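What follows is a set of notes on a single structure, which appears directly below.
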Amino acid sequence: MGGKILRLGVLISGRGTNLQSIIDHCEQKKIPAEVVVVISDKKVAYGLERAKKHGIEALFIDPKAFPGKESFEKAMGDELEKRNVDLICLAGFMRILSPYFVNRFRGRIINIHPALLPSFPGLHGQGQAVNHGVKISGCTVHFVDEGVDSGPIIIQAAVPVFDDDDEDTLAARILKCEHKIYPMAIKLIAEGRIKVEGRKVIIKDAAKKEWAVFNPPLEID
Ligand code: GAR
């Protein structure tokens, strides 16, 4: 990848604010990428409306219309392939992908998670952080492997957790960071600057001083 306009397929299940941030960054030419299709596993998902408003193809694929997970994922995969998608971005897609799908698009699926992985994977990353009493949480963009939120980490951003936070207030603080780092990770991939070595993601030619650009320092709102 690199040197061309990366074709993105975005998978969503809901409101799609991360999708919106990706679309905006693409339209403003801040990243050399374009969203070519948005797929939702939920019929009512505001993200689908967001896509349509920007003239982007928006598909609802109903998991219940298929006999099993793999056939549902095959249908999704076929739609993505039909449109020559280079990179699949999970943006609030609330399903765990099976090894079949991960294998079919190995190294070409990324996800955003609302916690500093490997802490608090799975659902309600923000609530888990509040309940655990951590003082710092954040978000992570990572490659998707067969596990749950376990693939190689591309970028992380940290936010404070205050004593009076609940799941919602922390989620709102984290979300602001998500909207910044997801497009940043896509940009690095589109520019061909990412190399995966085992568990580690190496950003090519990154001067040490760039570290804070890719992993923005603690943001206190
Ligand atoms: C985001 O906070 C995202 O990190 C989270 O769902 C929200 C989707 O918001 N994803 C997960 O928890 C995945 N396990 P959005 O639809 O407004 O982008």
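Labels for the structure tokens follow display order: chains A, B, ..., residues from 1 in each chain, ligands from 1.
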
Can you pull out the residues contacting Lys42 in chain A? Cut-off 10 Å, using only C-alpha atoms, and skip same-chain residues under 4 positions away; I want them as a PyMOL selection string. chain A and resi 12-14+46+48+59-63+93-94

Compile the contact shell of Arg104 in chain A as a PyMOL selection string: residues with an atom at most 12 Å away, counting only C-alpha atoms, same-chain residues fewer than 2 positions apart removed. chain A and resi 70+73-74+76-78+80-81+88+97-102+106-109+144-146

Can you pull out every residue from range 8-206 of chain A that DSSP, working from the backbone, puts in alpha helix (DSSP H), and format the result as a PyMOL selection string? chain A and resi 17-27+46-53+69-82+99-104+125-132+167-190

Please report, as CSV, each residue of chain A lying at most 10 Å from ligand 1, together with the nearest pair of atoms and the separation in Å rounded to one decimal; use only C-alpha atoms and all ligand atoms, and order rows by chain and ascending residue number.
```
residue,atom,partner,partner_atom_place_in_ligand_line,distance
A:Leu11,CA,ligand 1,16 (O),9.7
A:Ile12,CA,ligand 1,16 (O),6.6
A:Ser13,CA,ligand 1,16 (O),6.7
A:Gly14,CA,ligand 1,16 (O),4.8
A:Arg15,CA,ligand 1,16 (O),4.3
A:Gly16,CA,ligand 1,16 (O),3.4
A:Thr17,CA,ligand 1,17 (O),3.5
A:Asn18,CA,ligand 1,18 (O),3.7
A:Leu19,CA,ligand 1,18 (O),5.9
A:Gln20,CA,ligand 1,18 (O),7.8
A:Ser21,CA,ligand 1,18 (O),8.6
A:Ile22,CA,ligand 1,18 (O),9.8
A:Ala45,CA,ligand 1,16 (O),8.6
A:Tyr46,CA,ligand 1,16 (O),8.3
A:Gly47,CA,ligand 1,16 (O),6.9
A:Leu90,CA,ligand 1,13 (C),8.0
A:Ala91,CA,ligand 1,18 (O),5.2
A:Gly92,CA,ligand 1,8 (C),3.6
A:Phe93,CA,ligand 1,13 (C),6.1
A:Met94,CA,ligand 1,13 (C),5.7
A:Arg95,CA,ligand 1,14 (N),7.8
A:Ile96,CA,ligand 1,14 (N),8.5
A:Asn111,CA,ligand 1,13 (C),7.5
A:Ile112,CA,ligand 1,4 (O),5.0
A:His113,CA,ligand 1,4 (O),4.2
A:Pro114,CA,ligand 1,4 (O),4.2
A:Ala115,CA,ligand 1,4 (O),7.9
A:Phe120,CA,ligand 1,14 (N),9.9
A:Pro121,CA,ligand 1,14 (N),7.3
A:Gly122,CA,ligand 1,14 (N),5.4
A:Leu123,CA,ligand 1,14 (N),5.3
A:His124,CA,ligand 1,12 (O),6.1
A:Gly125,CA,ligand 1,12 (O),6.4
A:Gln126,CA,ligand 1,2 (O),8.4
A:Gly138,CA,ligand 1,4 (O),9.7
A:Cys139,CA,ligand 1,4 (O),7.1
A:Thr140,CA,ligand 1,4 (O),8.2
A:Val141,CA,ligand 1,4 (O),8.9
A:Val148,CA,ligand 1,14 (N),8.5
A:Asp149,CA,ligand 1,14 (N),7.5
A:Ala171,CA,ligand 1,2 (O),6.6
A:Ala172,CA,ligand 1,2 (O),8.2
A:Arg173,CA,ligand 1,2 (O),9.9
A:Ile174,CA,ligand 1,2 (O),7.4
A:Leu175,CA,ligand 1,2 (O),5.6
A:Lys176,CA,ligand 1,2 (O),9.3
A:Cys177,CA,ligand 1,2 (O),9.8
A:Glu178,CA,ligand 1,4 (O),6.8
A:His179,CA,ligand 1,18 (O),8.2
A:Tyr182,CA,ligand 1,4 (O),9.7
```

Contacts of Gly9 in chain A at 9 Å (only C-alpha atoms; same-chain gap of 6+ positions) as a list in words: Glu34, Val35, Val36, Val37, Val38, Ile39, Leu80, Arg83, Val85, Asp86, Leu87, Ile88, Cys89 and Leu90 of chain A

Return as a ChimeraX atom specification the full set of residues in range 71-201 of chain A whose backbone-based DSSP assignment is strand (DSSP E or B). /A:87-90,109-113,136-143,153-160,194-197,200-201

A:Ile110, A:Ile186, A:Ile23, A:Ala33: which is nearest Lys4 in chain A, counting only C-alpha atoms?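 Of A:Ile110, A:Ile186, A:Ile23, A:Ala33, the one nearest Lys4 in chain A, counting only C-alpha atoms, is A:Ala33.
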
From CA of Leu170 in chain A to CA of Ser150 in chain A the spacing works out at 22.1 Å
